[in-house]
Amino acid sequence: MTAVTERQDLTESAADDAVDASPARSAVFVHDLIRLQVGRDSRVVVVSDLHLEPVASEVSTQAADELAKLLDDFRQPGILVIAGDGFEMLAAAPDVAAILDSHPQFTDAVQRFAARDGHRVVLTPGNHDGQLVWDADSLAVLRDRLGMTDVAIACDLAMETGEGVKLVRVMHGHQFDPYNEIGRAHV
């Protein structure tokens, strides 16, 4: 079995655009697509559209509480994917630090999750937090305060199953809406 934390170099055909995701902290460069190995004994949690704002609301507090409980009970190896619009940076001030400060239960739970062996935290930006693709300061805050390991427009999860490896692509999906897509010319 392949552990979630193993680095898997991709030697497949040149048509495969996915790159290996390593948790290195480098200059801002967000891949279009990364691939992560998910072992049979691992689990993946995918959340999207939390729209956590710089000032907590009743709804965002409830969402943060529920996710915190889920992550605190998570013991096996695994991955948390925040699949777009986790952070409201379009309709509210684009201040990731304030968002994390306003949702300490979310911040603390994600950080505890990330600190455990065999865990990763992946971000695929959406249209409301799309600036994370080029905002080095905000990405640094997320890496430091949440333990975020990977950022990409989309993530392929190579899931080990009883029938071999199956790929599951995770992305926000705004790319398919002409009113919300962020084109290459904008990034």
# chains A, B, ... in the order shown; residues from 1 in each chain; ligands from 1
$ select_by_dssp --residues "segment 81-123 of chain A" --states "strand (DSSP E or B)" --output "ChimeraX atom specification"
/A:81-82,87,119-123
$ select_by_dssp --residues "segment 11-185 of chain A" --states "alpha helix (DSSP H)" --output "PyMOL selection string"
chain A and resi 58-72+96-102+104-115+136-146
$ residues_around --residues "Ala63 of chain A" --least-positions-apart "3" --cutoff "12 Å" --atoms "only C-alpha atoms" --output "ChimeraX atom specification"
/A:47-53,56-60,66-70,86,103,105-106
$ write_last_selection --atoms "all heavy atoms" --output "compact mmCIF listing (two decimals), in the first residue's frame"
# COMPACT_ATOMS: atom_id res chain seq x y z
N VAL A 47 -14.14 19.54 1.19
CA VAL A 47 -15.11 20.59 1.51
C VAL A 47 -14.96 21.70 0.49
O VAL A 47 -13.88 21.92 -0.05
CB VAL A 47 -14.94 21.15 2.94
CG1 VAL A 47 -15.17 20.08 3.98
CG2 VAL A 47 -13.58 21.79 3.13
N SER A 48 -16.04 22.39 0.22
CA SER A 48 -15.96 23.54 -0.67
C SER A 48 -17.03 24.55 -0.27
O SER A 48 -17.95 24.23 0.49
CB SER A 48 -16.15 23.14 -2.13
OG SER A 48 -17.48 22.76 -2.38
N ASP A 49 -16.85 25.74 -0.77
CA ASP A 49 -17.83 26.81 -0.60
C ASP A 49 -18.17 27.09 0.86
O ASP A 49 -19.32 27.39 1.19
CB ASP A 49 -19.09 26.50 -1.42
CG ASP A 49 -18.79 26.51 -2.90
OD1 ASP A 49 -18.68 27.61 -3.47
OD2 ASP A 49 -18.62 25.42 -3.48
N LEU A 50 -17.16 27.04 1.72
CA LEU A 50 -17.38 27.46 3.10
C LEU A 50 -17.60 28.97 3.19
O LEU A 50 -18.29 29.45 4.07
CB LEU A 50 -16.18 27.06 3.97
CG LEU A 50 -15.90 25.56 4.11
CD1 LEU A 50 -14.58 25.34 4.82
CD2 LEU A 50 -17.04 24.88 4.81
N HIS A 51 -16.95 29.71 2.31
CA HIS A 51 -17.04 31.17 2.26
C HIS A 51 -16.81 31.79 3.64
O HIS A 51 -17.55 32.67 4.06
CB HIS A 51 -18.39 31.62 1.68
CG HIS A 51 -18.55 31.29 0.23
ND1 HIS A 51 -18.07 32.12 -0.76
CD2 HIS A 51 -19.11 30.22 -0.38
CE1 HIS A 51 -18.34 31.56 -1.95
NE2 HIS A 51 -18.97 30.41 -1.73
N LEU A 52 -15.75 31.34 4.33
CA LEU A 52 -15.41 31.91 5.63
C LEU A 52 -14.98 33.36 5.43
O LEU A 52 -14.10 33.64 4.63
CB LEU A 52 -14.31 31.10 6.31
CG LEU A 52 -14.64 29.62 6.58
CD1 LEU A 52 -13.45 28.93 7.21
CD2 LEU A 52 -15.89 29.46 7.43
N GLU A 53 -15.61 34.27 6.16
CA GLU A 53 -15.36 35.70 6.01
C GLU A 53 -14.51 36.24 7.15
O GLU A 53 -14.37 35.58 8.18
CB GLU A 53 -16.68 36.46 5.95
CG GLU A 53 -17.52 36.09 4.74
CD GLU A 53 -18.77 36.96 4.61
OE1 GLU A 53 -18.75 38.12 5.07
OE2 GLU A 53 -19.74 36.47 4.04
N ALA A 56 -16.92 36.42 11.56
CA ALA A 56 -17.68 35.17 11.61
C ALA A 56 -19.18 35.46 11.70
O ALA A 56 -19.61 36.39 12.37
CB ALA A 56 -17.25 34.35 12.82
N SER A 57 -19.94 34.63 11.00
CA SER A 57 -21.39 34.68 11.07
C SER A 57 -21.87 33.42 11.78
O SER A 57 -21.10 32.49 12.04
CB SER A 57 -21.99 34.74 9.66
OG SER A 57 -21.78 33.51 8.99
N GLU A 58 -23.16 33.36 12.05
CA GLU A 58 -23.72 32.17 12.68
C GLU A 58 -23.51 30.95 11.79
O GLU A 58 -23.13 29.87 12.26
CB GLU A 58 -25.21 32.38 12.95
CG GLU A 58 -25.88 31.21 13.65
CD GLU A 58 -27.35 31.46 13.92
OE1 GLU A 58 -27.78 32.62 14.00
OE2 GLU A 58 -28.08 30.44 14.04
N VAL A 59 -23.73 31.13 10.49
CA VAL A 59 -23.57 30.02 9.54
C VAL A 59 -22.11 29.59 9.42
O VAL A 59 -21.80 28.39 9.45
CB VAL A 59 -24.15 30.41 8.16
CG1 VAL A 59 -23.81 29.36 7.11
CG2 VAL A 59 -25.64 30.62 8.26
N SER A 60 -21.18 30.54 9.29
CA SER A 60 -19.77 30.17 9.15
C SER A 60 -19.24 29.54 10.44
O SER A 60 -18.42 28.63 10.39
CB SER A 60 -18.92 31.36 8.73
OG SER A 60 -18.81 32.31 9.77
N GLU A 66 -18.53 22.17 12.81
CA GLU A 66 -18.75 20.82 12.31
C GLU A 66 -17.49 20.24 11.65
O GLU A 66 -17.16 19.08 11.85
CB GLU A 66 -19.92 20.80 11.33
CG GLU A 66 -21.25 21.02 12.02
CD GLU A 66 -22.44 21.02 11.07
OE1 GLU A 66 -22.33 20.45 9.96
OE2 GLU A 66 -23.48 21.58 11.46
N LEU A 67 -16.79 21.06 10.89
CA LEU A 67 -15.56 20.58 10.26
C LEU A 67 -14.49 20.31 11.32
O LEU A 67 -13.77 19.32 11.23
CB LEU A 67 -15.05 21.59 9.23
CG LEU A 67 -13.82 21.15 8.45
CD1 LEU A 67 -14.04 19.82 7.73
CD2 LEU A 67 -13.43 22.24 7.46
N ALA A 68 -14.41 21.16 12.33
CA ALA A 68 -13.44 20.95 13.41
C ALA A 68 -13.69 19.62 14.11
O ALA A 68 -12.74 18.87 14.38
CB ALA A 68 -13.50 22.11 14.41
N LYS A 69 -14.93 19.31 14.40
CA LYS A 69 -15.24 18.03 15.06
C LYS A 69 -14.85 16.86 14.17
O LYS A 69 -14.23 15.91 14.64
CB LYS A 69 -16.72 17.96 15.40
CG LYS A 69 -17.12 16.59 15.93
CD LYS A 69 -18.20 16.61 16.93
CE LYS A 69 -18.58 15.27 17.48
NZ LYS A 69 -17.59 14.26 17.64
N LEU A 70 -15.19 16.94 12.89
CA LEU A 70 -14.83 15.87 11.95
C LEU A 70 -13.31 15.65 11.92
O LEU A 70 -12.83 14.53 12.02
CB LEU A 70 -15.34 16.20 10.55
CG LEU A 70 -14.93 15.22 9.45
CD1 LEU A 70 -15.73 13.93 9.57
CD2 LEU A 70 -15.12 15.84 8.10
N GLY A 86 -13.18 28.32 0.01
CA GLY A 86 -13.07 28.11 1.45
C GLY A 86 -13.03 29.44 2.17
O GLY A 86 -13.52 29.58 3.29
N HIS A 103 -12.33 32.47 12.86
CA HIS A 103 -12.78 31.07 12.90
C HIS A 103 -11.69 30.21 13.56
O HIS A 103 -11.13 29.31 12.94
CB HIS A 103 -13.10 30.58 11.49
CG HIS A 103 -14.16 31.37 10.82
ND1 HIS A 103 -13.89 32.54 10.12
CD2 HIS A 103 -15.51 31.21 10.81
CE1 HIS A 103 -15.02 33.04 9.68
NE2 HIS A 103 -16.03 32.27 10.07
N GLN A 105 -11.75 27.82 15.73
CA GLN A 105 -12.01 26.38 15.81
C GLN A 105 -11.61 25.69 14.51
O GLN A 105 -11.04 24.61 14.51
CB GLN A 105 -13.47 26.10 16.20
CG GLN A 105 -14.51 26.44 15.16
CD GLN A 105 -14.90 27.91 15.05
OE1 GLN A 105 -14.05 28.79 15.07
NE2 GLN A 105 -16.20 28.17 14.92
N PHE A 106 -11.86 26.33 13.38
CA PHE A 106 -11.45 25.83 12.06
C PHE A 106 -9.93 25.84 11.97
O PHE A 106 -9.31 24.83 11.63
CB PHE A 106 -12.07 26.71 10.97
CG PHE A 106 -11.50 26.48 9.59
CD1 PHE A 106 -11.97 25.45 8.79
CD2 PHE A 106 -10.51 27.30 9.08
CE1 PHE A 106 -11.46 25.24 7.51
CE2 PHE A 106 -9.99 27.10 7.81
CZ PHE A 106 -10.46 26.06 7.03
$ closest_residue --among "A:Asp144, A:Asp95, A:Asp85, A:Asp150" --to "Val30 of chain A" --atoms "only C-alpha atoms"
A:Asp150
